file model_26.cif (mmCIF, C-alpha atoms)
data_protein
#
loop_
_atom_site.label_atom_id
_atom_site.label_comp_id
_atom_site.auth_asym_id
_atom_site.auth_seq_id
_atom_site.Cartn_x
_atom_site.Cartn_y
_atom_site.Cartn_z
CA MET A 1 -50.07 2.89 165.14
CA SER A 2 -49.38 3.74 168.79
CA GLN A 3 -51.42 6.23 170.75
CA ASP A 4 -48.45 8.62 170.97
CA ALA A 5 -47.89 8.54 167.21
CA ASP A 6 -51.59 9.15 166.65
CA GLN A 7 -51.55 12.12 168.99
CA ARG A 8 -48.49 13.61 167.27
CA ALA A 9 -50.21 13.23 163.85
CA GLN A 10 -53.26 15.10 165.15
CA GLU A 11 -51.07 17.88 166.53
CA ARG A 12 -49.52 18.38 163.09
CA GLU A 13 -52.99 19.03 161.54
CA HIS A 14 -54.28 22.60 161.32
CA GLU A 15 -57.74 23.53 162.36
CA ASP A 16 -60.33 23.90 159.59
CA PRO A 17 -60.86 27.57 158.73
CA GLU A 18 -64.05 29.16 159.91
CA GLU A 19 -65.60 32.47 158.89
CA ALA A 20 -65.93 33.46 162.50
CA ILE A 21 -62.16 33.48 162.81
CA ARG A 22 -61.86 36.61 160.53
CA PRO A 23 -65.28 38.28 160.36
CA MET A 24 -66.05 41.22 158.03
CA PRO A 25 -64.60 44.41 159.48
CA LEU A 26 -67.27 46.36 161.35
CA ALA A 27 -66.33 49.64 159.57
CA ALA A 28 -66.88 48.10 156.11
CA LEU A 29 -70.21 46.67 157.22
CA LEU A 30 -71.37 50.07 158.50
CA VAL A 31 -70.33 51.83 155.26
CA ALA A 32 -72.19 49.28 153.11
CA ALA A 33 -75.31 49.54 155.26
CA ALA A 34 -75.21 53.36 155.15
CA MET A 35 -74.94 53.33 151.33
CA VAL A 36 -77.91 50.97 150.96
CA LEU A 37 -79.97 53.08 153.36
CA TRP A 38 -79.07 56.30 151.48
CA ALA A 39 -80.04 54.72 148.12
CA VAL A 40 -83.43 53.60 149.45
CA VAL A 41 -84.19 57.05 150.89
CA TYR A 42 -83.04 58.76 147.67
CA ILE A 43 -85.30 56.59 145.50
CA LEU A 44 -88.31 57.04 147.80
CA TYR A 45 -88.05 60.84 148.05
CA SER A 46 -86.78 61.83 144.60
CA GLU A 47 -89.16 63.37 142.06
CA PRO A 48 -90.01 61.46 138.86
CA LEU A 49 -88.11 62.64 135.77
CA ALA A 50 -91.26 63.73 133.92
CA THR A 51 -90.66 67.46 133.60
CA SER A 52 -89.49 68.87 130.27
CA GLN A 53 -86.23 70.17 131.69
CA TYR A 54 -84.91 66.62 132.08
CA GLY A 55 -83.93 64.25 129.33
CA ASP A 56 -84.16 64.45 125.55
CA GLN A 57 -87.58 65.81 124.63
CA ARG A 58 -87.11 65.80 120.83
CA THR A 59 -89.87 64.30 118.73
CA LEU A 60 -89.39 61.36 116.37
CA ALA A 61 -89.61 63.71 113.37
CA GLU A 62 -86.85 65.89 114.82
CA LEU A 63 -84.64 62.87 115.43
CA ARG A 64 -85.12 61.67 111.85
CA GLY A 65 -84.06 65.05 110.49
CA PRO A 66 -84.53 66.17 106.90
CA ALA A 67 -84.79 63.62 104.12
CA PRO A 68 -81.50 62.66 102.43
CA GLY A 69 -80.56 65.33 99.92
CA ALA A 70 -82.89 67.93 101.44
CA THR A 71 -81.83 71.10 103.19
CA ALA A 72 -83.22 71.62 106.66
CA ALA A 73 -84.28 75.20 106.03
CA THR A 74 -86.28 74.83 102.84
CA GLY A 75 -86.90 71.12 102.39
CA ALA A 76 -85.61 71.54 98.82
CA ALA A 77 -83.32 68.88 97.41
CA ASP A 78 -79.60 69.57 97.66
CA GLY A 79 -77.86 68.30 94.54
CA LYS A 80 -74.40 68.40 96.08
CA ALA A 81 -75.53 66.26 99.03
CA VAL A 82 -77.25 63.76 96.74
CA PHE A 83 -74.14 63.59 94.55
CA ALA A 84 -71.90 63.02 97.58
CA ALA A 85 -74.16 60.25 98.88
CA GLN A 86 -75.00 58.48 95.62
CA CYS A 87 -72.46 59.30 92.90
CA ALA A 88 -69.10 60.44 94.27
CA ALA A 89 -67.90 56.93 95.17
CA CYS A 90 -67.69 56.04 91.46
CA HIS A 91 -67.47 59.34 89.61
CA GLN A 92 -65.31 60.98 92.31
CA SER A 93 -65.92 64.36 93.94
CA THR A 94 -63.99 66.00 91.10
CA GLY A 95 -66.32 64.50 88.49
CA ALA A 96 -63.28 62.97 86.78
CA GLY A 97 -64.31 59.34 87.34
CA LEU A 98 -61.68 56.58 87.28
CA PRO A 99 -59.88 56.01 83.95
CA GLY A 100 -61.03 52.82 82.28
CA VAL A 101 -63.45 52.02 85.11
CA PHE A 102 -65.95 54.82 85.78
CA PRO A 103 -66.58 57.49 83.13
CA PRO A 104 -66.07 61.18 83.90
CA LEU A 105 -68.99 63.53 84.38
CA ASP A 106 -66.81 66.62 83.95
CA GLY A 107 -67.01 67.48 80.25
CA SER A 108 -69.15 64.43 79.44
CA GLU A 109 -71.29 64.73 76.32
CA TRP A 110 -73.97 62.69 78.11
CA VAL A 111 -74.15 65.22 80.94
CA HIS A 112 -74.41 68.43 78.92
CA GLY A 113 -76.21 66.79 75.98
CA ASP A 114 -79.91 66.00 75.62
CA LYS A 115 -81.72 66.49 78.93
CA ARG A 116 -84.05 63.54 78.33
CA VAL A 117 -81.11 61.18 77.91
CA LEU A 118 -79.53 62.29 81.19
CA ALA A 119 -82.88 61.94 82.95
CA ASN A 120 -83.29 58.40 81.62
CA ILE A 121 -79.76 57.40 82.59
CA LEU A 122 -80.52 58.43 86.17
CA LEU A 123 -83.96 56.82 86.16
CA HIS A 124 -83.01 53.48 84.58
CA GLY A 125 -79.23 53.08 84.79
CA ILE A 126 -76.96 51.73 82.08
CA THR A 127 -74.93 48.57 81.46
CA GLY A 128 -72.51 47.68 78.71
CA GLU A 129 -70.15 49.75 76.61
CA ILE A 130 -70.40 53.51 76.50
CA THR A 131 -68.04 56.07 75.00
CA VAL A 132 -67.38 59.19 77.06
CA LYS A 133 -64.96 61.90 75.92
CA GLY A 134 -63.43 59.48 73.42
CA GLY A 135 -62.77 56.75 75.99
CA LYS A 136 -64.64 53.45 76.11
CA PHE A 137 -66.06 52.22 79.39
CA GLN A 138 -67.56 48.83 80.11
CA GLY A 139 -69.52 48.66 83.34
CA ALA A 140 -72.82 49.14 85.05
CA MET A 141 -74.53 52.14 86.60
CA PRO A 142 -77.56 51.37 88.77
CA SER A 143 -80.95 52.99 88.49
CA PHE A 144 -81.69 55.81 90.92
CA ALA A 145 -85.45 55.64 90.40
CA GLN A 146 -85.86 55.30 94.17
CA LEU A 147 -84.92 58.99 94.52
CA SER A 148 -87.63 61.60 94.21
CA ASP A 149 -88.02 63.69 91.06
CA ALA A 150 -86.78 66.72 93.02
CA GLU A 151 -83.64 64.88 94.15
CA LEU A 152 -82.92 63.63 90.62
CA ALA A 153 -83.39 67.12 89.20
CA ALA A 154 -81.12 68.56 91.89
CA VAL A 155 -78.28 66.11 91.29
CA ALA A 156 -78.59 66.41 87.49
CA SER A 157 -78.50 70.20 87.80
CA TYR A 158 -75.47 69.94 90.08
CA ILE A 159 -73.41 67.83 87.67
CA ARG A 160 -74.50 69.96 84.68
CA SER A 161 -73.26 73.17 86.30
CA ASN A 162 -70.11 72.05 88.14
CA TRP A 163 -66.45 71.57 87.25
CA SER A 164 -66.07 72.62 83.61
CA ASN A 165 -69.74 71.91 82.82
CA GLN A 166 -71.86 74.95 82.03
CA GLY A 167 -75.31 73.40 81.50
CA ASP A 168 -78.54 74.83 82.80
CA ALA A 169 -80.62 73.31 85.59
CA LEU A 170 -83.15 70.54 85.07
CA ASP A 171 -86.69 70.62 86.39
CA ALA A 172 -88.30 67.90 88.49
CA ALA A 173 -91.17 67.91 85.98
CA LEU A 174 -88.82 66.44 83.35
CA PHE A 175 -88.11 63.44 85.57
CA ALA A 176 -91.78 63.01 86.40
CA ALA A 177 -92.65 63.05 82.68
CA GLU A 178 -89.87 60.60 81.73
CA ARG A 179 -90.83 58.31 84.60
CA LYS A 180 -94.41 58.16 83.29
CA ALA A 181 -93.43 57.90 79.63
CA SER A 182 -91.47 54.66 79.98
CA ASP A 183 -92.30 51.27 81.41
CA ARG A 184 -88.63 50.18 81.21
CA LYS A 185 -87.59 47.94 84.09
CA THR A 186 -84.01 47.24 82.99
CA PRO A 187 -80.96 49.47 82.45
CA PHE A 188 -80.08 50.79 79.00
CA GLU A 189 -77.75 48.49 77.07
CA GLY A 190 -74.81 50.82 76.54
CA GLY A 191 -74.45 53.98 74.49
CA ALA A 192 -76.26 52.51 71.45
CA ALA A 193 -79.50 52.23 73.41
CA LEU A 194 -79.14 55.82 74.59
CA ASP A 195 -78.57 56.96 71.00
CA ALA A 196 -81.78 55.16 70.04
CA LEU A 197 -83.60 57.10 72.72
CA LEU A 198 -82.61 60.34 70.98
CA LYS A 199 -84.37 59.21 67.81
CA LYS A 200 -87.72 58.67 69.52
#

call {"tool": "encode", "arguments": {"input": "model_26.cif", "output": "structure tokens"}}
result
Amino acid sequence: MSQDADQRAQEREHEDPEEAIRPMPLAALLVAAAMVLWAVVYILYSEPLATSQYGDQRTLAELRGPAPGATAATGAADGKAVFAAQCAACHQSTGAGLPGVFPPLDGSEWVHGDKRVLANILLHGITGEITVKGGKFQGAMPSFAQLSDAELAAVASYIRSNWSNQGDALDAALFAAERKASDRKTPFEGGAALDALLKK
């Protein structure tokens, strides 16, 4: 390659870019520096957020709130709240249940019948076939023994006195007594096992 051709090739090349060609604008640099300086001064001279007027000063007990099924004012169990949380998904808020799947509580002979039987259904649950209002249901209801006696009494009283049911309230002492009286660890085997409980 001749010297002239080599020179022309070099003239066609562009210079490598360098940062110094287009430096950061001085105005942007001054703004950034001013912001950093302001932040440092603010942090150094601001008061710590330790006074009670700042932040959330609630205690752990206040954040937890009342126990499920308890009213904030009295601490007493709220049967309607327990029913909504534990029972309404299956038995529905109307107490009508789901035909052929979940039995109704409204007008149920098991609800307004013997109080001990209802207490034991709630404490131990039930599996297998049960007849409610002339309809046969095959399913499983879990035990609610994890609830307190007061909560069980409240929800039982709620279902006994709502919709078309006109039963009286149940006492927490009934659930405490039935809890102590039985060492059952499994659900009742259908309506026949509940009938047998009546004969004891």

call {"tool": "residues_near_point", "arguments": {"input": "model_26.cif", "point": "(-78.0, 54.0, 76.1)", "cutoff": "6 Å", "atoms": "only C-alpha atoms", "output": "list in words"}}
result
Phe188, Glu189, Gly190, Gly191, Ala192, Ala193, Leu194 and Asp195 of chain A

call {"tool": "residues_around", "arguments": {"input": "model_26.cif", "residues": "segment 153-157 of chain A", "least_positions_apart": "2", "cutoff": "9 Å", "atoms": "only C-alpha atoms", "output": "MDAnalysis selection string"}}
result
chainID A and resid 69 76:83 111 118:119 122 148:151 159:162 167:175

call {"tool": "atom_distance", "arguments": {"input": "model_26.cif", "atom1": "atom CA of Lys180 of chain A", "atom2": "atom CA of Gly125 of chain A"}}
result
16.1 Å

call {"tool": "atom_distance", "arguments": {"input": "model_26.cif", "atom1": "atom CA of Ala140 of chain A", "atom2": "atom CA of Val101 of chain A"}}
result
9.8 Å

call {"tool": "atom_distance", "arguments": {"input": "model_26.cif", "atom1": "atom CA of His124 of chain A", "atom2": "atom CA of Ser108 of chain A"}}
result
18.4 Å

call {"tool": "resolve_selection", "arguments": {"input": "model_26.cif", "expression": "the PyMOL selection byres ((chain A and resi 106) around 8)", "output": "PDB file with C-alpha atoms, keeping the file's coordinate frame"}}
result
ATOM      1  CA  THR A  94     -63.990  66.000  91.100  1.00  0.00           C
ATOM      2  CA  GLY A  95     -66.320  64.500  88.490  1.00  0.00           C
ATOM      3  CA  ALA A  96     -63.280  62.970  86.780  1.00  0.00           C
ATOM      4  CA  PRO A 104     -66.070  61.180  83.900  1.00  0.00           C
ATOM      5  CA  LEU A 105     -68.990  63.530  84.380  1.00  0.00           C
ATOM      6  CA  GLY A 107     -67.010  67.480  80.250  1.00  0.00           C
ATOM      7  CA  SER A 108     -69.150  64.430  79.440  1.00  0.00           C
ATOM      8  CA  ILE A 159     -73.410  67.830  87.670  1.00  0.00           C
ATOM      9  CA  ASN A 162     -70.110  72.050  88.140  1.00  0.00           C
ATOM     10  CA  TRP A 163     -66.450  71.570  87.250  1.00  0.00           C
ATOM     11  CA  SER A 164     -66.070  72.620  83.610  1.00  0.00           C
ATOM     12  CA  ASN A 165     -69.740  71.910  82.820  1.00  0.00           C
TER      13      ASN A 165
END
